[in-house]
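To be precise, the following lines are target39.json, and they hold JSON, C-alpha atoms.
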[["chain", "number", "residue", "atom", "x", "y", "z"],
["A", 1095, "MET", "CA", 14.42, 14.79, -18.42],
["A", 1096, "LYS", "CA", 13.95, 12.46, -15.45],
["A", 1097, "ARG", "CA", 16.79, 10.03, -14.86],
["A", 1098, "ILE", "CA", 15.77, 6.40, -14.29],
["A", 1099, "VAL", "CA", 17.52, 3.59, -12.42],
["A", 1100, "GLU", "CA", 16.52, 0.03, -13.28],
["A", 1101, "VAL", "CA", 17.84, -2.81, -11.14],
["A", 1102, "CYS", "CA", 18.43, -6.31, -12.48],
["A", 1103, "ALA", "CA", 16.63, -8.55, -9.97],
["A", 1104, "GLY", "CA", 16.82, -12.32, -9.69],
["A", 1105, "SER", "CA", 14.15, -12.84, -7.04],
["A", 1106, "TYR", "CA", 11.38, -11.31, -4.96],
["A", 1107, "GLN", "CA", 13.97, -10.45, -2.31],
["A", 1108, "ASP", "CA", 16.07, -8.61, -4.90],
["A", 1109, "CYS", "CA", 13.04, -6.56, -5.90],
["A", 1110, "ILE", "CA", 12.40, -5.58, -2.29],
["A", 1111, "ALA", "CA", 16.02, -4.45, -1.94],
["A", 1112, "ALA", "CA", 15.63, -2.40, -5.12],
["A", 1113, "TYR", "CA", 12.38, -0.92, -3.82],
["A", 1114, "LYS", "CA", 13.88, 0.02, -0.46],
["A", 1115, "GLY", "CA", 16.85, 1.55, -2.30],
["A", 1116, "LYS", "CA", 14.39, 3.71, -4.28],
["A", 1117, "ALA", "CA", 15.01, 2.28, -7.73],
["A", 1118, "ASP", "CA", 12.46, 3.31, -10.35],
["A", 1119, "ARG", "CA", 12.12, -0.03, -12.10],
["A", 1120, "VAL", "CA", 13.29, -3.64, -11.97],
["A", 1121, "GLU", "CA", 13.88, -6.28, -14.57],
["A", 1122, "LEU", "CA", 12.68, -9.45, -12.83],
["A", 1123, "ASN", "CA", 14.48, -12.66, -13.77],
["A", 1124, "SER", "CA", 15.38, -16.03, -12.39],
["A", 1125, "ALA", "CA", 18.81, -17.67, -12.78],
["A", 1126, "LEU", "CA", 20.95, -14.56, -13.15],
["A", 1127, "SER", "CA", 23.97, -16.87, -13.08],
["A", 1128, "VAL", "CA", 23.21, -17.72, -16.73],
["A", 1129, "GLY", "CA", 22.20, -14.22, -17.74],
["A", 1130, "GLY", "CA", 18.61, -14.34, -16.54],
["A", 1131, "LEU", "CA", 15.70, -16.66, -17.29],
["A", 1132, "THR", "CA", 11.91, -16.36, -17.00],
["A", 1133, "PRO", "CA", 10.83, -15.61, -13.40],
["A", 1134, "SER", "CA", 8.02, -17.30, -11.51],
["A", 1135, "VAL", "CA", 4.55, -15.81, -11.62],
["A", 1136, "SER", "CA", 4.34, -15.97, -7.83],
["A", 1137, "SER", "CA", 7.43, -13.78, -7.44],
["A", 1138, "LEU", "CA", 5.96, -11.22, -9.86],
["A", 1139, "ARG", "CA", 2.61, -11.17, -8.10],
["A", 1140, "LYS", "CA", 4.20, -10.75, -4.69],
["A", 1141, "VAL", "CA", 6.35, -7.84, -5.88],
["A", 1142, "LYS", "CA", 3.37, -6.09, -7.47],
["A", 1143, "GLU", "CA", 1.27, -6.62, -4.34],
["A", 1144, "GLU", "CA", 3.90, -5.22, -1.98],
["A", 1145, "THR", "CA", 5.58, -2.41, -3.95],
["A", 1146, "ASN", "CA", 4.84, 0.27, -6.52],
["A", 1147, "LEU", "CA", 7.81, -0.76, -8.65],
["A", 1148, "LYS", "CA", 7.48, -0.94, -12.39],
["A", 1149, "VAL", "CA", 8.36, -4.57, -13.15],
["A", 1150, "ILE", "CA", 9.71, -5.64, -16.52],
["A", 1151, "CYS", "CA", 9.82, -9.45, -16.75],
["A", 1152, "MET", "CA", 12.47, -11.35, -18.61],
["A", 1153, "VAL", "CA", 11.14, -14.09, -20.87],
["A", 1154, "ARG", "CA", 13.94, -16.51, -21.72],
["A", 1155, "PRO", "CA", 13.52, -20.29, -21.51],
["A", 1156, "ARG", "CA", 17.14, -21.44, -21.42],
["A", 1157, "ALA", "CA", 20.77, -20.39, -21.16],
["A", 1158, "ALA", "CA", 23.16, -19.65, -24.05],
["A", 1159, "GLY", "CA", 21.94, -17.73, -27.11],
["A", 1160, "PHE", "CA", 18.66, -16.58, -28.56],
["A", 1161, "CYS", "CA", 18.05, -18.75, -31.62],
["A", 1162, "TYR", "CA", 15.06, -20.81, -30.50],
["A", 1163, "ASP", "CA", 13.19, -23.77, -31.91],
["A", 1164, "GLU", "CA", 9.42, -23.71, -32.36],
["A", 1165, "ASP", "CA", 8.73, -25.29, -28.97],
["A", 1166, "ASP", "CA", 10.81, -22.67, -27.17],
["A", 1167, "GLU", "CA", 9.10, -19.91, -29.15],
["A", 1168, "MET", "CA", 5.68, -21.21, -28.14],
["A", 1169, "ILE", "CA", 6.74, -21.36, -24.48],
["A", 1170, "ILE", "CA", 8.17, -17.83, -24.66],
["A", 1171, "MET", "CA", 4.92, -16.42, -26.00],
["A", 1172, "GLU", "CA", 2.79, -18.30, -23.45],
["A", 1173, "ASP", "CA", 5.05, -17.23, -20.57],
["A", 1174, "ALA", "CA", 4.88, -13.62, -21.73],
["A", 1175, "GLN", "CA", 1.08, -13.69, -21.78],
["A", 1176, "LEU", "CA", 0.96, -15.33, -18.35],
["A", 1177, "LEU", "CA", 3.25, -12.67, -16.88],
["A", 1178, "LEU", "CA", 1.27, -9.86, -18.50],
["A", 1179, "ASP", "CA", -1.94, -11.36, -17.14],
["A", 1180, "ASN", "CA", -0.39, -11.22, -13.67],
["A", 1181, "GLY", "CA", 0.71, -7.61, -13.68],
["A", 1182, "ALA", "CA", 4.00, -7.35, -15.57],
["A", 1183, "ASP", "CA", 4.60, -3.79, -16.76],
["A", 1184, "GLY", "CA", 6.59, -5.01, -19.72],
["A", 1185, "ILE", "CA", 8.44, -7.93, -21.23],
["A", 1186, "SER", "CA", 12.17, -8.19, -21.89],
["A", 1187, "PHE", "CA", 12.87, -10.62, -24.74],
["A", 1188, "GLY", "CA", 15.00, -11.39, -27.78],
["A", 1189, "PHE", "CA", 14.61, -13.56, -30.87],
["A", 1190, "LEU", "CA", 17.56, -14.03, -33.26],
["A", 1191, "ASN", "CA", 18.14, -15.95, -36.47],
["A", 1192, "GLU", "CA", 21.14, -18.28, -36.78],
["A", 1193, "ASP", "CA", 23.18, -15.47, -38.38],
["A", 1194, "GLY", "CA", 22.50, -13.20, -35.39],
["A", 1195, "THR", "CA", 20.05, -10.92, -37.13],
["A", 1196, "ILE", "CA", 16.73, -10.18, -35.49],
["A", 1197, "LYS", "CA", 14.00, -12.73, -36.15],
["A", 1198, "GLU", "CA", 11.39, -10.30, -37.35],
["A", 1199, "ASP", "CA", 8.22, -12.40, -37.34],
["A", 1200, "LYS", "CA", 8.54, -13.52, -33.71],
["A", 1201, "THR", "CA", 9.78, -10.11, -32.58],
["A", 1202, "ALA", "CA", 6.77, -8.47, -34.21],
["A", 1203, "GLN", "CA", 4.46, -11.05, -32.62],
["A", 1204, "MET", "CA", 5.86, -10.33, -29.15],
["A", 1205, "ILE", "CA", 5.65, -6.57, -29.58],
["A", 1206, "GLU", "CA", 2.04, -6.89, -30.71],
["A", 1207, "LEU", "CA", 1.21, -9.05, -27.68],
["A", 1208, "VAL", "CA", 2.86, -6.66, -25.21],
["A", 1209, "HIS", "CA", 1.27, -3.60, -26.77],
["A", 1210, "SER", "CA", -2.16, -5.26, -26.64],
["A", 1211, "TYR", "CA", -1.77, -4.95, -22.84],
["A", 1212, "HIS", "CA", -0.51, -1.36, -23.23],
["A", 1213, "LYS", "CA", 2.82, -2.41, -21.71],
["A", 1214, "GLU", "CA", 6.48, -1.97, -22.73],
["A", 1215, "ALA", "CA", 8.27, -4.22, -25.22],
["A", 1216, "VAL", "CA", 11.99, -4.34, -24.38],
["A", 1217, "PHE", "CA", 14.51, -6.08, -26.63],
["A", 1218, "HIS", "CA", 17.24, -7.29, -24.30],
["A", 1219, "ARG", "CA", 20.99, -7.81, -24.74],
["A", 1220, "ALA", "CA", 20.49, -10.29, -27.55],
["A", 1221, "PHE", "CA", 21.01, -7.00, -29.39],
["A", 1222, "ASP", "CA", 24.66, -7.08, -28.33],
["A", 1223, "VAL", "CA", 25.45, -10.17, -30.41],
["A", 1224, "CYS", "CA", 23.77, -8.89, -33.57],
["A", 1225, "PRO", "CA", 26.32, -8.48, -36.37],
["A", 1226, "ASP", "CA", 25.19, -4.93, -37.28],
["A", 1227, "ALA", "CA", 23.92, -2.70, -34.49],
["A", 1228, "TYR", "CA", 22.54, -0.12, -36.89],
["A", 1229, "GLU", "CA", 20.58, -2.63, -38.93],
["A", 1230, "ALA", "CA", 19.29, -4.18, -35.70],
["A", 1231, "ILE", "CA", 18.12, -0.93, -34.13],
["A", 1232, "GLU", "CA", 16.43, 0.17, -37.35],
["A", 1233, "THR", "CA", 14.61, -3.17, -37.49],
["A", 1234, "LEU", "CA", 13.44, -2.80, -33.89],
["A", 1235, "ILE", "CA", 12.26, 0.75, -34.52],
["A", 1236, "ARG", "CA", 10.33, -0.38, -37.59],
["A", 1237, "LEU", "CA", 8.72, -3.20, -35.61],
["A", 1238, "GLY", "CA", 7.70, -0.85, -32.80],
["A", 1239, "ALA", "CA", 9.89, -1.90, -29.86],
["A", 1240, "ASP", "CA", 9.90, 0.56, -26.98],
["A", 1241, "ARG", "CA", 13.39, 0.06, -25.57],
["A", 1242, "ILE", "CA", 16.68, -1.78, -26.06],
["A", 1243, "LEU", "CA", 18.79, -3.02, -23.13],
["A", 1244, "THR", "CA", 22.36, -2.94, -24.42],
["A", 1245, "SER", "CA", 26.00, -2.71, -23.38],
["A", 1246, "GLY", "CA", 26.90, -1.11, -26.70],
["A", 1247, "GLN", "CA", 27.98, -4.49, -28.07],
["A", 1248, "LYS", "CA", 30.84, -4.75, -25.59],
["A", 1249, "ALA", "CA", 31.18, -6.83, -22.43],
["A", 1250, "LYS", "CA", 30.56, -3.72, -20.29],
["A", 1251, "ALA", "CA", 28.47, -0.66, -21.10],
["A", 1252, "PHE", "CA", 31.30, 1.75, -20.34],
["A", 1253, "GLU", "CA", 33.43, -0.03, -22.95],
["A", 1254, "GLY", "CA", 30.55, 0.36, -25.43],
["A", 1255, "LYS", "CA", 29.94, 4.03, -24.67],
["A", 1256, "ASP", "CA", 30.95, 5.27, -28.12],
["A", 1257, "LEU", "CA", 28.37, 3.09, -29.86],
["A", 1258, "LEU", "CA", 25.77, 3.96, -27.21],
["A", 1259, "LYS", "CA", 26.40, 7.66, -27.78],
["A", 1260, "ASP", "CA", 26.12, 7.30, -31.56],
["A", 1261, "LEU", "CA", 22.94, 5.22, -31.36],
["A", 1262, "GLN", "CA", 21.41, 7.75, -28.96],
["A", 1263, "GLU", "CA", 22.27, 10.66, -31.23],
["A", 1264, "LYS", "CA", 20.91, 8.95, -34.34],
["A", 1265, "TYR", "CA", 17.88, 7.10, -32.94],
["A", 1266, "GLY", "CA", 17.18, 8.37, -29.41],
["A", 1267, "ASP", "CA", 14.04, 10.17, -30.56],
["A", 1268, "LYS", "CA", 12.63, 6.93, -31.98],
["A", 1269, "ILE", "CA", 13.46, 4.29, -29.33],
["A", 1270, "GLU", "CA", 14.75, 4.24, -25.75],
["A", 1271, "LEU", "CA", 18.24, 2.95, -25.04],
["A", 1272, "LEU", "CA", 19.02, 1.41, -21.64],
["A", 1273, "PRO", "CA", 22.75, 0.89, -20.95],
["A", 1274, "GLY", "CA", 23.48, -2.15, -18.81],
["A", 1275, "SER", "CA", 26.43, -4.32, -17.71],
["A", 1276, "GLY", "CA", 29.04, -3.04, -15.30],
["A", 1277, "VAL", "CA", 27.14, 0.14, -14.45],
["A", 1278, "ASN", "CA", 27.75, 1.35, -10.89],
["A", 1279, "ALA", "CA", 27.92, 4.47, -8.76],
["A", 1280, "THR", "CA", 31.52, 5.19, -9.77],
["A", 1281, "ASN", "CA", 30.97, 5.31, -13.53],
["A", 1282, "VAL", "CA", 27.26, 6.07, -14.00],
["A", 1283, "ILE", "CA", 27.42, 9.87, -14.28],
["A", 1284, "GLU", "CA", 30.26, 9.83, -16.78],
["A", 1285, "LEU", "CA", 28.40, 7.19, -18.81],
["A", 1286, "MET", "CA", 25.11, 9.10, -18.80],
["A", 1287, "GLU", "CA", 26.70, 12.46, -19.59],
["A", 1288, "TYR", "CA", 28.87, 11.03, -22.37],
["A", 1289, "THR", "CA", 26.07, 9.10, -24.07],
["A", 1290, "GLY", "CA", 23.21, 11.51, -23.41],
["A", 1291, "ILE", "CA", 21.08, 8.59, -22.17],
["A", 1292, "ASN", "CA", 18.88, 9.28, -19.14],
["A", 1293, "GLN", "CA", 18.43, 5.73, -17.78],
["A", 1294, "VAL", "CA", 20.67, 2.87, -16.66],
["A", 1295, "HIS", "CA", 20.41, -0.80, -15.70],
["A", 1296, "SER", "CA", 22.54, -2.19, -12.85],
["A", 1297, "SER", "CA", 22.81, -5.37, -10.80],
["A", 1298, "CYS", "CA", 23.99, -3.63, -7.57],
["A", 1299, "LYS", "CA", 25.34, -7.04, -6.62],
["A", 1300, "SER", "CA", 26.67, -8.49, -3.40],
["A", 1301, "TYR", "CA", 26.66, -12.00, -1.90],
["A", 1302, "LEU", "CA", 25.12, -14.15, 0.80],
["A", 1303, "SER", "CA", 26.33, -17.55, 1.95],
["A", 1304, "ASP", "CA", 24.40, -20.83, 1.92],
["A", 1305, "PRO", "CA", 26.31, -23.42, 3.99],
["A", 1306, "THR", "CA", 24.59, -26.31, 2.20],
["A", 1307, "THR", "CA", 26.06, -25.39, -1.19],
["A", 1308, "ALA", "CA", 28.80, -28.03, -0.99],
["A", 1309, "ASN", "CA", 29.48, -31.05, 1.21],
["A", 1310, "ASN", "CA", 30.58, -34.69, 0.98],
["A", 1311, "GLY", "CA", 32.35, -34.03, -2.32],
["A", 1312, "VAL", "CA", 29.11, -32.78, -3.87],
["A", 1313, "SER", "CA", 28.91, -29.14, -4.95],
["A", 1314, "TYR", "CA", 26.14, -26.95, -6.31],
["A", 1315, "ALA", "CA", 28.39, -23.91, -6.46],
["A", 1316, "TYR", "CA", 28.27, -21.62, -9.47],
["A", 1317, "LEU", "CA", 30.70, -19.06, -8.08],
["A", 1318, "THR", "CA", 34.37, -19.64, -7.33],
["A", 1319, "ASP", "CA", 37.13, -18.84, -4.86],
["A", 1320, "GLU", "CA", 35.95, -16.85, -1.84],
["A", 1321, "HIS", "CA", 32.35, -16.89, -3.13],
["A", 1322, "GLU", "CA", 32.14, -20.65, -3.70],
["A", 1323, "MET", "CA", 29.52, -21.10, -0.97],
["A", 1324, "ASP", "CA", 27.62, -17.93, -1.92],
["A", 1325, "TYR", "CA", 24.82, -16.74, -4.16],
["A", 1326, "ASP", "CA", 24.46, -13.22, -5.54],
["A", 1327, "ILE", "CA", 21.82, -10.76, -4.37],
["A", 1328, "VAL", "CA", 20.83, -7.14, -4.94],
["A", 1329, "ASN", "CA", 22.39, -5.00, -2.22],
["A", 1330, "GLU", "CA", 20.03, -2.30, -0.93],
["A", 1331, "ASP", "CA", 22.90, -0.01, 0.05],
["A", 1332, "LEU", "CA", 24.40, -0.20, -3.44],
["A", 1333, "VAL", "CA", 21.01, 0.62, -4.95],
["A", 1334, "THR", "CA", 20.62, 3.58, -2.61],
["A", 1335, "LYS", "CA", 24.09, 4.88, -3.50],
["A", 1336, "LEU", "CA", 23.50, 4.47, -7.24],
["A", 1337, "VAL", "CA", 20.14, 6.23, -7.06],
["A", 1338, "GLU", "CA", 21.59, 9.09, -5.01],
["A", 1339, "VAL", "CA", 24.43, 9.59, -7.48],
["A", 1340, "VAL", "CA", 22.12, 9.47, -10.50],
["A", 1341, "LYS", "CA", 19.50, 11.81, -9.04],
["A", 1342, "GLN", "CA", 22.02, 14.31, -7.67],
["A", 1343, "GLY", "CA", 23.76, 14.41, -11.03],
["A", 1344, "ALA", "CA", 20.53, 15.25, -12.86]]
Give the structure from this file in structure tokens form.
Amino acid sequence: MKRIVEVCAGSYQDCIAAYKGKADRVELNSALSVGGLTPSVSSLRKVKEETNLKVICMVRPRAAGFCYDEDDEMIIMEDAQLLLDNGADGISFGFLNEDGTIKEDKTAQMIELVHSYHKEAVFHRAFDVCPDAYEAIETLIRLGADRILTSGQKAKAFEGKDLLKDLQEKYGDKIELLPGSGVNATNVIELMEYTGINQVHSSCKSYLSDPTTANNGVSYAYLTDEHEMDYDIVNEDLVTKLVEVVKQGA
């Protein structure tokens, strides 16, 4: 089975780096510093015009968790439709109840919307804060989700490899699993071979400096120490290396 590399992109420029590094797919976000928010339509359109990448768009209106009020839910649905209308190949989303269980009505509504465009419905790492991974995956299968982006309910996917392996063995013929968080060229083959999962999600991150980040006692920094004046980007060389390792190990 073909092995797939998806890159977590925070901008048009990140997508181009992923494309040049020969990634198969990107998850397009904004604001990766808070875990990824909804990207701009213009960035999506530009990526689709200039590459043949499959682009999954994050739809997330704010930072923190995934228990939304009615206004946020309305915005999420409208953003998803707008992105689909402008060429998104899928939507990455998550709706949770206050107790962390999957909010079934809104999840079903999103899946129905995405499938009406014949695109992919991806439940993102909101899955990793659900209290029962098995109940959550069975709910998503029943509702018709295509894929789950997950770190195996640990901070890093390699730490969650036992759960990923078990979920793949039990449910891999019913829904795709996409391990993400901390995946890189040094651990990807061991992770894929151990879990039996044929696709991975990686940030392939490095940094660029912006000298206007802080001055006159005013700071817009979100990183610390040696990266205080920097912002994170997708590194083309890291993408290339990851893709080479994954494809050669197939």
>> Which residue is closest to Leu1317 (chain A)? Choose from A:Ser1297, A:Thr1244, A:Thr1334, A:Ser1127 and count only C-alpha atoms.
In response: A:Ser1127
>> Residues near Ile1110 (chain A), anyone? I mean within 9 Å using all atoms listed in the file, not counting same-chain ones fewer than 6 positions away, as a ChimeraX atom specification.
In response: /A:1141,1144-1145,1328,1330
Please produce a file of those selected residues containing C-alpha atoms, as an mmCIF file, in the frame of the given file.
data_model
loop_
_atom_site.group_PDB
_atom_site.id
_atom_site.type_symbol
_atom_site.label_atom_id
_atom_site.label_comp_id
_atom_site.auth_asym_id
_atom_site.auth_seq_id
_atom_site.Cartn_x
_atom_site.Cartn_y
_atom_site.Cartn_z
ATOM 1 C CA VAL A 1141 6.350 -7.840 -5.880
ATOM 2 C CA GLU A 1144 3.900 -5.220 -1.980
ATOM 3 C CA THR A 1145 5.580 -2.410 -3.950
ATOM 4 C CA VAL A 1328 20.830 -7.140 -4.940
ATOM 5 C CA GLU A 1330 20.030 -2.300 -0.930
#
> Neighbours of Lys1255 (chain A) within 10 Å (all atoms listed in the file; same-chain residues fewer than 6 positions away dropped), as an NGL selection string?
Replying inline: :A and (1245-1248 or 1261 or 1273 or 1284-1286 or 1288-1289)
> Counting all atoms listed in the file, which of A:Tyr1265, A:Phe1217, A:Phe1189, A:Tyr1314 gets nearest to Ile1291 (chain A)?
Replying inline: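 Among the listed residues, the smallest separation from Ile1291 (chain A) belongs to A:Tyr1265.
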>> Just checking: using all atoms listed in the file, which residue out of A:Glu1143, A:Glu1172, A:Glu1253, A:Asp1324 ends up closest to Asp1304 (chain A)?
In response: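 Counting all atoms listed in the file, the residue closest to Asp1304 (chain A) is A:Asp1324.
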>> If we count all atoms listed in the file and set the cut-off at 7 Å, which residues sit around Arg1156 (chain A), ignoring sequence neighbours fewer than 2 positions away in its own chain? Please answer as a list in words.
In response: Leu1131, Arg1154 and Ala1158 of chain A
Could you dump the residues just selected with C-alpha atoms as a tab-separated table (two decimals), keeping the file's coordinate frame?
chain	number	residue	atom	x	y	z
A	1131	LEU	CA	15.70	-16.66	-17.29
A	1154	ARG	CA	13.94	-16.51	-21.72
A	1158	ALA	CA	23.16	-19.65	-24.05
